[in-house]
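Engineer: Just final.cif, nothing more (mmCIF, C-alpha atoms):
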```cif
data_entry
loop_
_atom_site.label_atom_id
_atom_site.label_comp_id
_atom_site.auth_asym_id
_atom_site.auth_seq_id
_atom_site.Cartn_x
_atom_site.Cartn_y
_atom_site.Cartn_z
CA MET A 1 129.89 -169.81 243.80
CA ILE A 2 128.85 -173.46 243.45
CA ARG A 3 127.66 -172.91 239.90
CA LYS A 4 131.00 -171.38 238.91
CA VAL A 5 132.76 -174.49 240.21
CA GLN A 6 130.36 -176.61 238.16
CA TYR A 7 131.22 -174.60 235.01
CA LEU A 8 134.94 -175.08 235.65
CA PHE A 9 134.41 -178.81 236.22
CA PHE A 10 132.49 -178.99 232.93
CA VAL A 11 135.38 -177.33 231.08
CA ILE A 12 138.01 -179.67 232.55
CA LEU A 13 135.89 -182.80 232.09
CA PHE A 14 135.01 -182.26 228.44
CA LEU A 15 138.26 -180.73 227.14
CA PRO A 16 139.67 -184.07 225.90
CA TYR A 17 136.46 -184.99 224.08
CA MET A 18 136.10 -181.60 222.41
CA ALA A 19 139.73 -181.57 221.37
CA ALA A 20 139.29 -185.00 219.79
CA GLY A 21 135.90 -184.21 218.24
CA GLN A 22 137.10 -181.68 215.73
CA ILE A 23 136.25 -182.97 212.22
CA GLU A 24 135.25 -180.67 209.40
CA ASN A 25 133.61 -181.92 206.22
CA ASN A 26 135.53 -182.88 203.10
CA SER A 27 137.64 -180.09 201.58
CA PRO A 28 140.51 -180.85 199.17
CA TYR A 29 141.95 -177.40 199.95
CA SER A 30 142.65 -178.46 203.55
CA ARG A 31 145.55 -180.48 202.11
CA PHE A 32 147.84 -177.43 202.16
CA GLY A 33 149.66 -175.64 204.97
CA ILE A 34 148.22 -176.57 208.36
CA GLY A 35 144.77 -177.18 206.92
CA ASP A 36 141.77 -174.89 206.96
CA ILE A 37 142.23 -172.13 209.53
CA ALA A 38 139.22 -172.10 211.84
CA HIS A 39 136.90 -169.12 212.22
CA HIS A 40 138.04 -167.73 215.60
CA SER A 41 134.72 -166.07 216.47
CA PHE A 42 132.05 -167.03 218.95
CA GLY A 43 128.28 -166.97 218.45
CA LYS A 44 127.63 -163.24 218.44
CA ASN A 45 130.51 -162.27 216.18
CA ARG A 46 129.99 -165.08 213.67
CA ALA A 47 126.77 -163.36 212.58
CA LEU A 48 128.71 -160.10 212.18
CA GLY A 49 131.03 -161.51 209.53
CA GLY A 50 133.57 -162.42 212.21
CA MET A 51 134.25 -158.77 213.07
CA SER A 52 135.93 -158.76 216.50
CA PHE A 53 138.97 -156.50 216.95
CA GLY A 54 136.99 -153.48 218.15
CA SER A 55 134.26 -155.51 219.83
CA ARG A 56 133.90 -154.81 223.54
CA ASP A 57 130.89 -156.29 225.29
CA PRO A 58 130.54 -157.10 229.02
CA ASN A 59 127.88 -159.71 228.15
CA ALA A 60 129.88 -161.68 225.54
CA ILE A 61 133.24 -163.41 225.18
CA VAL A 62 135.51 -162.18 222.38
CA ILE A 63 138.94 -163.81 221.97
CA ALA A 64 140.12 -162.39 218.61
CA ASN A 65 141.35 -159.36 220.55
CA PRO A 66 142.44 -160.32 224.10
CA ALA A 67 142.14 -156.68 225.22
CA SER A 68 138.35 -157.12 225.17
CA VAL A 69 138.54 -159.45 228.20
CA SER A 70 138.83 -156.44 230.53
CA ALA A 71 135.26 -155.45 229.62
CA ARG A 72 133.92 -157.77 232.34
CA ASP A 73 131.73 -156.27 235.05
CA THR A 74 133.24 -156.40 238.54
CA MET A 75 131.25 -159.45 239.68
CA SER A 76 130.29 -161.02 236.34
CA PHE A 77 130.99 -164.58 235.23
CA LEU A 78 130.43 -165.76 231.64
CA PHE A 79 130.23 -169.30 230.33
CA GLU A 80 129.85 -169.98 226.60
CA PHE A 81 129.49 -173.15 224.59
CA GLY A 82 128.98 -173.38 220.83
CA VAL A 83 128.52 -175.88 218.00
CA ILE A 84 128.39 -175.47 214.23
CA GLY A 85 126.87 -177.44 211.38
CA LYS A 86 128.38 -177.12 207.92
CA SER A 87 127.18 -178.16 204.48
CA THR A 88 129.56 -177.99 201.51
CA GLU A 89 129.04 -178.44 197.78
CA LEU A 90 132.17 -179.19 195.72
CA SER A 91 132.17 -178.59 191.97
CA SER A 92 134.79 -179.39 189.35
CA GLY A 93 133.85 -179.41 185.69
CA GLU A 94 130.61 -181.36 185.44
CA LEU A 95 131.16 -183.20 188.73
CA THR A 96 129.42 -182.17 191.96
CA ASP A 97 129.44 -183.66 195.44
CA LYS A 98 127.93 -182.61 198.79
CA PHE A 99 128.97 -183.14 202.41
CA SER A 100 127.46 -182.20 205.78
CA ASP A 101 128.44 -182.51 209.43
CA ILE A 102 128.16 -180.92 212.86
CA ASN A 103 131.05 -180.14 215.21
CA PHE A 104 132.18 -178.44 218.39
CA ASN A 105 133.12 -174.76 217.94
CA ASN A 106 134.06 -173.28 221.31
CA LEU A 107 134.01 -173.65 225.07
CA ALA A 108 135.09 -170.76 227.26
CA ILE A 109 134.62 -168.93 230.54
CA ALA A 110 135.45 -165.31 231.40
CA PHE A 111 135.58 -163.47 234.72
CA PRO A 112 137.27 -160.47 236.38
CA ILE A 113 140.34 -160.84 238.59
CA THR A 114 140.16 -157.27 239.88
CA LYS A 115 138.34 -154.13 238.81
CA TRP A 116 141.04 -153.54 236.19
CA ILE A 117 141.98 -157.08 235.14
CA GLY A 118 139.94 -159.72 233.33
CA THR A 119 140.61 -163.32 232.31
CA SER A 120 139.15 -165.79 229.82
CA ILE A 121 139.95 -169.51 229.55
CA GLY A 122 138.79 -171.93 226.89
CA ILE A 123 139.41 -174.17 223.92
CA ILE A 124 138.66 -173.75 220.22
CA PRO A 125 139.70 -175.46 216.97
CA TYR A 126 142.70 -173.72 215.39
CA SER A 127 142.77 -175.57 212.08
CA ASN A 128 141.45 -178.78 210.58
CA GLN A 129 142.30 -181.14 207.76
CA ASN A 130 139.82 -183.54 206.20
CA TYR A 131 139.69 -184.76 202.62
CA ASN A 132 139.19 -188.01 200.76
CA ILE A 133 139.99 -187.97 197.06
CA ASN A 134 139.89 -190.94 194.69
CA SER A 135 141.71 -191.01 191.35
CA THR A 136 141.24 -193.86 188.89
CA ILE A 137 142.92 -194.79 185.62
CA ARG A 138 140.97 -197.16 183.40
CA GLU A 139 141.36 -198.62 179.94
CA GLY A 140 140.92 -195.83 177.41
CA ASP A 141 142.33 -193.12 179.70
CA LEU A 142 145.36 -191.15 178.52
CA LEU A 143 147.65 -192.54 181.25
CA TYR A 144 146.43 -196.14 181.01
CA ASN A 145 149.17 -198.79 180.81
CA PRO A 146 148.01 -202.25 179.69
CA THR A 147 150.94 -203.82 181.56
CA THR A 148 149.67 -202.69 184.94
CA GLY A 149 145.96 -202.54 184.14
CA ASP A 150 143.48 -200.47 186.17
CA LEU A 151 145.04 -198.21 188.80
CA ASN A 152 143.40 -196.65 191.88
CA THR A 153 144.98 -193.85 193.90
CA LYS A 154 143.42 -192.50 197.08
CA TYR A 155 144.45 -189.32 198.95
CA ILE A 156 143.26 -189.02 202.55
CA GLY A 157 143.79 -186.20 205.03
CA LYS A 158 142.62 -186.16 208.62
CA GLY A 159 143.28 -184.48 211.95
CA GLY A 160 143.46 -180.96 213.24
CA ILE A 161 145.11 -178.52 215.62
CA ASN A 162 143.37 -177.31 218.77
CA GLN A 163 143.99 -174.12 220.73
CA PHE A 164 143.76 -173.97 224.50
CA PHE A 165 143.96 -170.33 225.52
CA ILE A 166 144.24 -168.13 228.59
CA ALA A 167 143.57 -164.50 227.73
CA ASN A 168 144.34 -161.71 230.19
CA ALA A 169 143.66 -158.01 229.85
CA VAL A 170 144.31 -154.96 232.00
CA LYS A 171 142.70 -151.52 231.88
CA LEU A 172 145.56 -149.04 231.78
CA ASN A 173 142.97 -146.31 232.38
CA LYS A 174 139.26 -145.88 231.71
CA ASN A 175 139.87 -145.67 227.94
CA ILE A 176 142.76 -148.02 227.13
CA SER A 177 143.04 -151.80 227.60
CA LEU A 178 145.98 -154.06 226.83
CA GLY A 179 145.62 -157.81 226.42
CA LEU A 180 147.80 -160.91 226.07
CA ASN A 181 146.58 -164.25 224.83
CA PHE A 182 148.64 -167.24 225.93
CA SER A 183 147.80 -170.31 223.83
CA TYR A 184 148.91 -173.91 223.67
CA LEU A 185 148.50 -175.43 220.20
CA PHE A 186 148.29 -179.21 220.03
CA GLY A 187 147.10 -181.91 217.67
CA SER A 188 148.14 -183.90 214.62
CA LEU A 189 147.74 -183.76 210.84
CA GLU A 190 148.05 -186.95 208.80
CA ARG A 191 148.21 -187.30 205.03
CA ILE A 192 147.83 -190.75 203.48
CA ARG A 193 148.30 -191.90 199.89
CA THR A 194 147.39 -195.42 198.76
CA LEU A 195 148.14 -196.96 195.38
CA SER A 196 146.46 -200.15 194.22
CA PHE A 197 146.66 -202.17 191.01
CA THR A 198 143.25 -203.77 190.85
CA GLU A 199 144.40 -206.56 188.52
CA SER A 200 147.91 -206.98 189.89
CA GLU A 201 147.33 -210.47 191.26
CA GLN A 202 146.27 -211.77 187.88
CA ILE A 203 148.84 -209.88 185.75
CA ARG A 204 152.10 -210.31 187.69
CA PRO A 205 152.50 -212.07 191.05
CA ASP A 206 155.28 -209.70 192.14
CA PHE A 207 153.20 -206.49 191.78
CA TYR A 208 152.35 -204.75 195.01
CA ASN A 209 150.05 -202.05 196.30
CA SER A 210 151.47 -199.33 198.54
CA LYS A 211 150.49 -197.02 201.37
CA TYR A 212 152.37 -193.85 202.30
CA SER A 213 151.58 -192.00 205.55
CA ASP A 214 152.97 -188.59 206.51
CA LYS A 215 152.00 -187.47 210.03
CA THR A 216 152.81 -184.21 211.82
CA ILE A 217 152.30 -183.89 215.60
CA ILE A 218 152.30 -180.39 217.09
CA GLY A 219 152.53 -179.19 220.69
CA ASP A 220 153.83 -175.74 221.62
CA ILE A 221 152.88 -172.30 222.93
CA LYS A 222 151.91 -169.14 221.07
CA PHE A 223 151.37 -165.50 222.13
CA ASP A 224 149.05 -162.82 220.73
CA TRP A 225 148.73 -159.18 221.79
CA GLY A 226 145.75 -156.87 221.66
CA LEU A 227 144.97 -153.22 222.32
CA GLN A 228 141.69 -151.30 222.52
CA TYR A 229 140.86 -147.63 222.96
CA THR A 230 137.33 -146.45 223.76
CA ALA A 231 136.03 -142.89 223.48
CA ASN A 232 132.56 -141.55 224.32
CA PHE A 233 130.89 -138.70 222.44
CA LYS A 234 127.66 -136.76 222.51
CA HIS A 235 124.34 -138.30 221.54
CA ASP A 236 125.21 -141.56 223.31
CA LEU A 237 127.92 -142.52 220.79
CA GLU A 238 130.80 -144.80 221.73
CA LEU A 239 133.78 -145.59 219.50
CA THR A 240 136.18 -148.45 220.19
CA VAL A 241 139.30 -148.90 218.08
CA GLY A 242 141.23 -152.16 218.41
CA ALA A 243 144.47 -153.63 217.12
CA ILE A 244 146.01 -157.11 217.28
CA PHE A 245 149.54 -158.33 216.74
CA SER A 246 151.52 -161.56 216.84
CA SER A 247 155.05 -162.25 215.65
CA ASN A 248 156.31 -165.28 213.75
CA THR A 249 155.99 -168.36 215.97
CA LYS A 250 158.19 -171.45 215.81
CA LEU A 251 156.24 -174.50 216.96
CA SER A 252 157.93 -177.72 218.01
CA ALA A 253 156.69 -180.59 215.86
CA GLU A 254 157.27 -184.28 215.30
CA HIS A 255 157.30 -185.78 211.83
CA GLU A 256 156.48 -189.45 211.24
CA VAL A 257 156.75 -191.13 207.83
CA LEU A 258 155.70 -194.70 207.11
CA GLN A 259 155.64 -196.41 203.71
CA GLU A 260 154.38 -199.95 203.34
CA ASN A 261 154.01 -202.28 200.37
CA ILE A 262 151.39 -204.99 200.17
CA VAL A 263 153.22 -207.69 198.28
CA TYR A 264 151.48 -210.45 196.32
CA SER A 265 153.36 -213.71 195.85
CA VAL A 266 152.56 -217.32 195.10
CA ASP A 267 153.66 -218.41 198.55
CA PRO A 268 152.71 -217.40 201.27
CA GLY A 269 150.17 -215.14 199.48
CA ILE A 270 149.96 -211.59 200.82
CA TYR A 271 152.28 -209.88 203.24
CA ILE A 272 153.23 -206.32 204.21
CA ASP A 273 156.72 -205.02 203.64
CA THR A 274 157.85 -201.83 205.42
CA VAL A 275 159.86 -199.81 202.91
CA LEU A 276 160.34 -196.60 204.90
CA ASN A 277 159.82 -195.78 208.57
CA TYR A 278 161.43 -192.82 210.31
CA THR A 279 160.59 -190.19 212.92
CA ASP A 280 161.96 -186.67 213.28
CA ASP A 281 161.06 -185.59 216.81
CA ASN A 282 163.05 -182.37 216.75
CA GLY A 283 161.39 -180.47 213.89
CA HIS A 284 159.64 -177.10 213.71
CA ILE A 285 156.77 -175.38 211.96
CA LEU A 286 157.03 -171.62 211.51
CA LEU A 287 153.67 -169.85 211.65
CA PRO A 288 153.61 -166.30 210.27
CA GLY A 289 152.80 -163.28 212.41
CA LYS A 290 149.51 -161.46 212.17
CA ILE A 291 148.62 -157.77 212.30
CA GLY A 292 145.21 -156.18 212.13
CA ALA A 293 142.95 -153.36 213.25
CA GLY A 294 139.25 -152.72 213.58
CA PHE A 295 136.57 -150.56 215.13
CA THR A 296 133.02 -150.56 216.47
CA LEU A 297 130.73 -147.55 216.69
CA LYS A 298 127.74 -147.84 219.04
CA LYS A 299 124.63 -145.73 219.40
CA GLY A 300 123.55 -146.55 222.94
CA ASP A 301 122.38 -150.16 223.11
CA LYS A 302 120.36 -149.88 219.88
CA LEU A 303 122.86 -149.88 217.03
CA MET A 304 126.40 -151.11 216.50
CA ILE A 305 128.48 -151.11 213.32
CA GLY A 306 132.03 -152.40 212.99
CA ALA A 307 134.73 -153.71 210.68
CA ASP A 308 138.13 -155.48 210.82
CA TYR A 309 141.13 -155.81 208.54
CA TYR A 310 144.15 -158.06 209.04
CA SER A 311 147.00 -159.57 207.06
CA GLN A 312 149.38 -162.53 207.43
CA ASN A 313 152.56 -163.26 205.51
CA TRP A 314 152.01 -166.97 204.87
CA SER A 315 154.84 -166.91 202.33
CA ASP A 316 157.10 -166.88 205.42
CA ALA A 317 155.62 -170.16 206.72
CA ARG A 318 157.95 -173.15 206.89
CA PHE A 319 157.15 -176.80 207.52
CA PHE A 320 160.27 -178.66 208.65
CA GLY A 321 162.32 -176.15 206.70
CA LYS A 322 160.21 -176.27 203.53
CA SER A 323 157.59 -173.90 202.13
CA ASP A 324 154.22 -175.08 200.81
CA SER A 325 153.69 -172.51 198.03
CA LEU A 326 151.50 -170.35 200.29
CA GLU A 327 150.72 -166.70 199.65
CA ASN A 328 150.15 -163.69 201.92
CA THR A 329 146.55 -163.11 202.98
CA ASN A 330 144.39 -160.03 203.45
CA THR A 331 140.98 -160.26 205.10
CA LEU A 332 138.15 -157.78 205.58
CA ARG A 333 135.20 -158.44 207.90
CA GLY A 334 132.28 -156.25 208.93
CA GLY A 335 128.83 -156.29 210.47
CA ILE A 336 125.85 -154.42 211.92
CA GLU A 337 123.75 -155.18 215.01
CA PHE A 338 120.37 -153.61 215.73
CA VAL A 339 118.18 -153.90 218.86
CA PRO A 340 114.78 -152.15 218.68
CA ASN A 341 114.37 -151.81 222.46
CA SER A 342 116.36 -154.00 224.84
CA ARG A 343 114.23 -152.86 227.80
CA ASP A 344 110.86 -153.74 226.28
CA LEU A 345 109.36 -156.35 228.62
CA ARG A 346 106.04 -156.60 226.77
CA ASN A 347 107.18 -157.30 223.22
CA TYR A 348 109.97 -159.89 223.11
CA LEU A 349 110.69 -159.17 219.42
CA ASN A 350 111.92 -155.69 220.37
CA SER A 351 114.60 -157.13 222.67
CA ILE A 352 116.09 -159.47 220.05
CA HIS A 353 119.54 -158.58 218.65
CA TYR A 354 119.35 -158.59 214.83
CA ARG A 355 122.73 -159.06 213.10
CA ILE A 356 124.12 -159.09 209.57
CA GLY A 357 127.68 -159.16 208.24
CA GLY A 358 130.09 -160.28 205.55
CA HIS A 359 133.70 -161.17 204.84
CA TYR A 360 136.19 -161.22 201.96
CA SER A 361 139.64 -162.80 201.94
CA ASN A 362 142.33 -163.77 199.48
CA SER A 363 143.33 -167.06 201.10
CA TYR A 364 146.85 -168.39 201.46
CA LEU A 365 146.24 -170.92 198.69
CA GLN A 366 147.69 -170.29 195.24
CA LEU A 367 147.06 -173.16 192.84
CA ASN A 368 147.67 -173.33 189.10
CA GLY A 369 148.83 -169.72 189.20
CA GLU A 370 145.64 -168.39 190.83
CA GLN A 371 145.26 -167.20 194.43
CA LEU A 372 141.92 -168.40 195.76
CA THR A 373 139.42 -166.05 197.37
CA ASP A 374 136.90 -166.74 200.12
CA PHE A 375 133.85 -164.49 200.53
CA GLY A 376 130.41 -164.68 202.06
CA ILE A 377 127.56 -163.09 203.98
CA SER A 378 126.18 -163.86 207.43
CA PHE A 379 123.19 -163.00 209.53
CA GLY A 380 121.76 -164.09 212.84
CA LEU A 381 119.87 -163.41 216.03
CA GLY A 382 120.74 -162.90 219.67
CA LEU A 383 117.85 -164.22 221.76
CA PRO A 384 118.01 -162.95 225.35
CA LEU A 385 116.89 -165.28 228.11
CA MET A 386 114.16 -163.47 230.00
CA GLY A 387 115.11 -162.12 233.39
CA SER A 388 118.87 -162.35 232.83
CA ARG A 389 121.77 -161.16 230.70
CA SER A 390 122.26 -164.63 229.26
CA MET A 391 121.71 -165.09 225.54
CA PHE A 392 121.19 -167.77 222.93
CA ASN A 393 122.89 -166.92 219.62
CA ILE A 394 122.09 -168.22 216.15
CA ALA A 395 124.17 -167.40 213.07
CA PHE A 396 123.94 -168.51 209.45
CA GLU A 397 126.70 -168.01 206.89
CA LEU A 398 126.75 -168.50 203.13
CA GLY A 399 130.07 -168.41 201.32
CA GLN A 400 132.21 -169.53 198.44
CA ARG A 401 135.86 -170.46 198.07
CA GLY A 402 137.79 -171.35 194.94
CA THR A 403 136.84 -171.29 191.28
CA LEU A 404 136.12 -173.55 188.32
CA ASP A 405 138.84 -171.82 186.29
CA ASN A 406 142.21 -173.48 185.64
CA TYR A 407 140.83 -176.95 186.52
CA LEU A 408 140.29 -175.97 190.16
CA ILE A 409 137.48 -176.78 192.58
CA LYS A 410 134.74 -174.41 193.70
CA GLU A 411 133.37 -174.78 197.22
CA LYS A 412 129.99 -173.38 198.19
CA TYR A 413 129.24 -173.67 201.88
CA GLY A 414 126.58 -172.92 204.43
CA ILE A 415 127.30 -172.79 208.16
CA LEU A 416 124.69 -172.81 210.91
CA SER A 417 126.04 -172.09 214.38
CA PHE A 418 124.45 -172.15 217.82
CA SER A 419 125.93 -170.85 221.04
CA LEU A 420 124.72 -170.26 224.57
CA THR A 421 126.23 -167.51 226.72
CA LEU A 422 125.33 -167.79 230.39
CA TYR A 423 125.80 -164.70 232.57
CA ASP A 424 126.21 -165.16 236.30
CA PHE A 425 127.80 -163.39 239.27
CA TRP A 426 130.90 -164.01 241.37
CA PHE A 427 130.75 -164.06 245.16
CA VAL A 428 127.04 -163.35 245.47
CA GLN A 429 125.45 -165.27 248.32
CA GLN A 430 122.25 -166.99 247.21
CA LYS A 431 119.31 -166.37 249.58
CA PHE A 432 116.28 -168.58 249.99
CA ASP A 433 113.09 -167.90 251.91
#
```
Starting from the coordinates I provided, produce the structure as C-alpha cells.
Structural biologist:
Amino acid sequence: MIRKVQYLFFVILFLPYMAAGQIENNSPYSRFGIGDIAHHSFGKNRALGGMSFGSRDPNAIVIANPASVSARDTMSFLFEFGVIGKSTELSSGELTDKFSDINFNNLAIAFPITKWIGTSIGIIPYSNQNYNINSTIREGDLLYNPTTGDLNTKYIGKGGINQFFIANAVKLNKNISLGLNFSYLFGSLERIRTLSFTESEQIRPDFYNSKYSDKTIIGDIKFDWGLQYTANFKHDLELTVGAIFSSNTKLSAEHEVLQENIVYSVDPGIYIDTVLNYTDDNGHILLPGKIGAGFTLKKGDKLMIGADYYSQNWSDARFFGKSDSLENTNTLRGGIEFVPNSRDLRNYLNSIHYRIGGHYSNSYLQLNGEQLTDFGISFGLGLPLMGSRSMFNIAFELGQRGTLDNYLIKEKYGILSFSLTLYDFWFVQQKFD
C-alpha cells in the first residue's frame, strides 16, 4: 500500500509542472480554433494509430473510452507516465524549416473501487498553440512604401489547454460497461502581433511600433460518455465494440486584449503608450460534441486488430460568440498487435508486443478554400518487464498535414513516444523473510 501512496504523491507533486510544461514545436496551423488538438492516446495505443474506443486491457490505461476503466483486475493498480519527442519539417514554396522538441504526454493511475467499478485519474494535454512567424517588406517588394521604409511584422502564438480527468466505469453485467469521464480543462492561449518600422526613427520622429496581444484563459468542466460490449466466441476469439459520446460544451473563458505603441519622439526619446486594454471575464467558448465507435477483435493473447471512427462538428464552435471558419472533422484510426508467445520465458523476443497502425483525418482547418488532411502511419513495441505485468512502450509515428497547393504550408512530422506502465496490487501485504 505504501507504493500506491507514493504514486499518488508523485501525481499531486508534479501536476503543476506538467501542466506548465506543455510546449509543442512550431506549427502555423495551431493559430486557429483552440490550437492543435492533442493525441489523446497513451503509449500502447499511439503505436496502433490511436485506436482506442474498443480497446479493453486490464494491463493498460485507456482514456479515449472511459468504459474501458472497468477492465481493471480486482486488486490491480496501474501507474503510467509518458513523454513524446516531435520533429517537424515545414515547407512553403521553396522555403523549408525544421523544429524539434520533447514534452510531457500523460500521467495517470487506474485502480478498481469494487469488483464492478473502476477509476482512473490523471492529466494530459488537451490542445497546444505554438508558432512564430516573421513577415518582412523590403525595398522592391510589391507592398513596399518608401515613406515608411522597411517593415517587420511578427506573429507569435503560445500556450495550451490541459485536461485533468477522473474517469469512472461500471460493469452493468459481464458483457456491458458504461463509463463517464469528468474533466477539468484549464490553461491559456495567447496570440501576439508586433509591427515595427525599422527606419522609423530616421524617417519621421512621430512614427511608432506596435504590439497587440490577445489572450484567452480557460477553466471549466467537461463530460464524456463511453460504452463497451464484449462477446466471446469459439476458437478463443473475443470481440469488443465501443462507442463514445459528448455533447456541445460551453466553457467559461476570460478574454484579455492589450495594444501598446512604442512611440519615438525627440524628447524624452522612447516611451510606451497603451492604446487599448480591456478584459472580458464573463465570456464563453463552445466546443462541439463528439461521437464515435470502434472495435477490437482478439485471438487469445496473440493477435489483436481494431479500428475507430469519430466525427466532430467544429463548424458549431464559437469563440466569444464568433466562429473561426472551422469545418467538421472525420477521423479513422486502426492498428494491429501481435505477440508470438507471451508465456515464453526462454526467448524474450517472443514475449514482445509488436504493433503497427495508421490514421487519416480531414482536420477542422479550411484555408484558401481547401480543407486540410492529416494522415500517417505508426509502429512500436511493448517491452514487458520480466517477472511482472509492467511494460515499457515505444511508438514511432510518421505523418503529414497540409499541402503546398493554394500557397499553403505542408507539415511533415515524426513523433517518438515513450511510456512506462507499472502494474501493482492493492491491499497485498508484503512479506519478508
Engineer: Distance atom CA of His359 of chain A-atom CA of Asn168 of chain A, one decimal place?
Structural biologist: 27.5 Å
Engineer: With all atoms listed in the file counted and 12 Å as the cut-off, give the residues of segment 30-52 of chain A in contact with segment 148-159 of chain A, each with its shortest interatomic distance in Å and the pair that gives it, as CSV.
Structural biologist:
```
residue,atom,partner,partner_atom,distance
A:Ser30,CA,A:Gly157,CA,8.0
A:Arg31,CA,A:Gly157,CA,6.7
A:Phe32,CA,A:Gly157,CA,10.1
A:Ile34,CA,A:Gly159,CA,10.0
A:Gly35,CA,A:Gly159,CA,9.0
A:Asp36,CA,A:Gly159,CA,10.9
```
Engineer: Nearest to Ser92 of chain A: which of A:Leu420, A:Ile336, A:Leu404, A:Val62 is it, counting all atoms listed in the file?
Structural biologist: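 When distances to Ser92 of chain A are compared using all atoms listed in the file, the smallest one comes from A:Leu404.
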Engineer: Which residue out of A:Leu48, A:Pro125, A:Asn232, A:Thr136 has the minimum interatomic distance to Phe338 of chain A when only C-alpha atoms are used?
Structural biologist: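 With only C-alpha atoms as the atom set, the closest residue is A:Leu48.
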Engineer: Pull out every residue that the PyMOL selection byres ((chain A and resi 106-111) around 6) matches in the shown coordinates and put them as a PDB file with C-alpha atoms, in the coordinates of the input.
Structural biologist:
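What landed in selection01.pdb:
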```pdb
ATOM      1  CA  PHE A  77     130.990-164.580 235.230  1.00  0.00           C
ATOM      2  CA  LEU A  78     130.430-165.760 231.640  1.00  0.00           C
ATOM      3  CA  PHE A  79     130.230-169.300 230.330  1.00  0.00           C
ATOM      4  CA  GLU A  80     129.850-169.980 226.600  1.00  0.00           C
ATOM      5  CA  PHE A  81     129.490-173.150 224.590  1.00  0.00           C
ATOM      6  CA  GLY A  82     128.980-173.380 220.830  1.00  0.00           C
ATOM      7  CA  ASN A 105     133.120-174.760 217.940  1.00  0.00           C
ATOM      8  CA  PRO A 112     137.270-160.470 236.380  1.00  0.00           C
ATOM      9  CA  GLY A 118     139.940-159.720 233.330  1.00  0.00           C
ATOM     10  CA  THR A 119     140.610-163.320 232.310  1.00  0.00           C
ATOM     11  CA  SER A 120     139.150-165.790 229.820  1.00  0.00           C
ATOM     12  CA  ILE A 121     139.950-169.510 229.550  1.00  0.00           C
ATOM     13  CA  GLY A 122     138.790-171.930 226.890  1.00  0.00           C
ATOM     14  CA  ILE A 123     139.410-174.170 223.920  1.00  0.00           C
ATOM     15  CA  ILE A 124     138.660-173.750 220.220  1.00  0.00           C
TER      16      ILE A 124
END
```
Engineer: For Met304 of chain A, which residue out of A:Leu345, A:Ile63, A:Met51, A:Ala167 is the nearest one, using all atoms listed in the file?
Structural biologist: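 That would be A:Met51, the residue with the smallest distance to Met304 of chain A.
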Engineer: Atom CA of Ser41 of chain A to atom CA of Gln366 of chain A: how many Å, to one decimal?
Structural biologist: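 Atom-to-atom, atom CA of Ser41 of chain A and atom CA of Gln366 of chain A are spaced 25.2 Å apart.
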Engineer: So what do you get for atom CA of Gly179 of chain A versus atom CA of Leu227 of chain A, distance-wise?
Structural biologist: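 Atom CA of Gly179 of chain A sits 6.2 Å away from atom CA of Leu227 of chain A.
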Engineer: Out of A:Phe319, A:Ser246, A:Tyr208, A:Thr421, which residue has the shortest atom-to-atom distance to Glu260 of chain A when counting all atoms listed in the file?
Structural biologist: A:Tyr208
Engineer: Using only C-alpha atoms, which protein or nucleic acid residues come within 12 Å of Ile117 of chain A? Drop anything in the same chain fewer than 6 positions from it, and give the result as JSON, numbers by chain.
Structural biologist: {"A": [66, 67, 68, 69, 70, 71, 72, 73, 74, 75, 110, 111, 167, 168, 169, 170, 171, 172, 173, 177, 178, 179, 180]}
Engineer: Translate the PyMOL selection byres ((chain A and resi 213) around 9), as applied to the file shown, into an explicit residue set as a list of chain:residue names.
Structural biologist: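 Expected selection for the PyMOL selection byres ((chain A and resi 213) around 9) here is A:Glu190, A:Arg191, A:Ile192, A:Arg193, A:Thr194, A:Lys211, A:Tyr212, A:Asp214, A:Lys215, A:Glu256, A:Val257, A:Leu258, A:Gln259, A:Glu260.
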Engineer: Considering all atoms listed in the file, can you say which of A:Phe53, A:Tyr126, A:Phe392, A:Phe104 comes closest to Ala38 of chain A?
Structural biologist: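 Nearest to Ala38 of chain A: A:Tyr126.
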Engineer: Where atoms are missing, can you supply N, CA and C atoms for segment 144-153 of chain A and output the lot as a tab-separated table (two decimals), in the frame of the given file?
Structural biologist:
```tsv
chain	number	residue	atom	x	y	z
A	144	TYR	N	146.62	-194.70	180.80
A	144	TYR	CA	146.43	-196.14	181.01
A	144	TYR	C	147.60	-196.93	180.44
A	145	ASN	N	148.08	-197.91	181.22
A	145	ASN	CA	149.17	-198.79	180.81
A	145	ASN	C	148.65	-200.23	180.84
A	146	PRO	N	148.57	-200.89	179.71
A	146	PRO	CA	148.01	-202.25	179.69
A	146	PRO	C	148.83	-203.24	180.51
A	147	THR	N	150.10	-202.91	180.76
A	147	THR	CA	150.94	-203.82	181.56
A	147	THR	C	150.47	-203.88	183.01
A	148	THR	N	150.11	-202.75	183.54
A	148	THR	CA	149.67	-202.69	184.94
A	148	THR	C	148.16	-202.80	185.09
A	149	GLY	N	147.41	-202.46	184.05
A	149	GLY	CA	145.96	-202.54	184.14
A	149	GLY	C	145.36	-201.36	184.89
A	150	ASP	N	144.18	-201.55	185.45
A	150	ASP	CA	143.48	-200.47	186.17
A	150	ASP	C	144.28	-200.07	187.41
A	151	LEU	N	144.27	-198.76	187.68
A	151	LEU	CA	145.04	-198.21	188.80
A	151	LEU	C	144.16	-197.28	189.63
A	152	ASN	N	144.15	-197.50	190.94
A	152	ASN	CA	143.40	-196.65	191.88
A	152	ASN	C	144.36	-195.94	192.82
A	153	THR	N	144.19	-194.63	192.94
A	153	THR	CA	144.98	-193.85	193.90
A	153	THR	C	144.02	-193.10	194.81
```
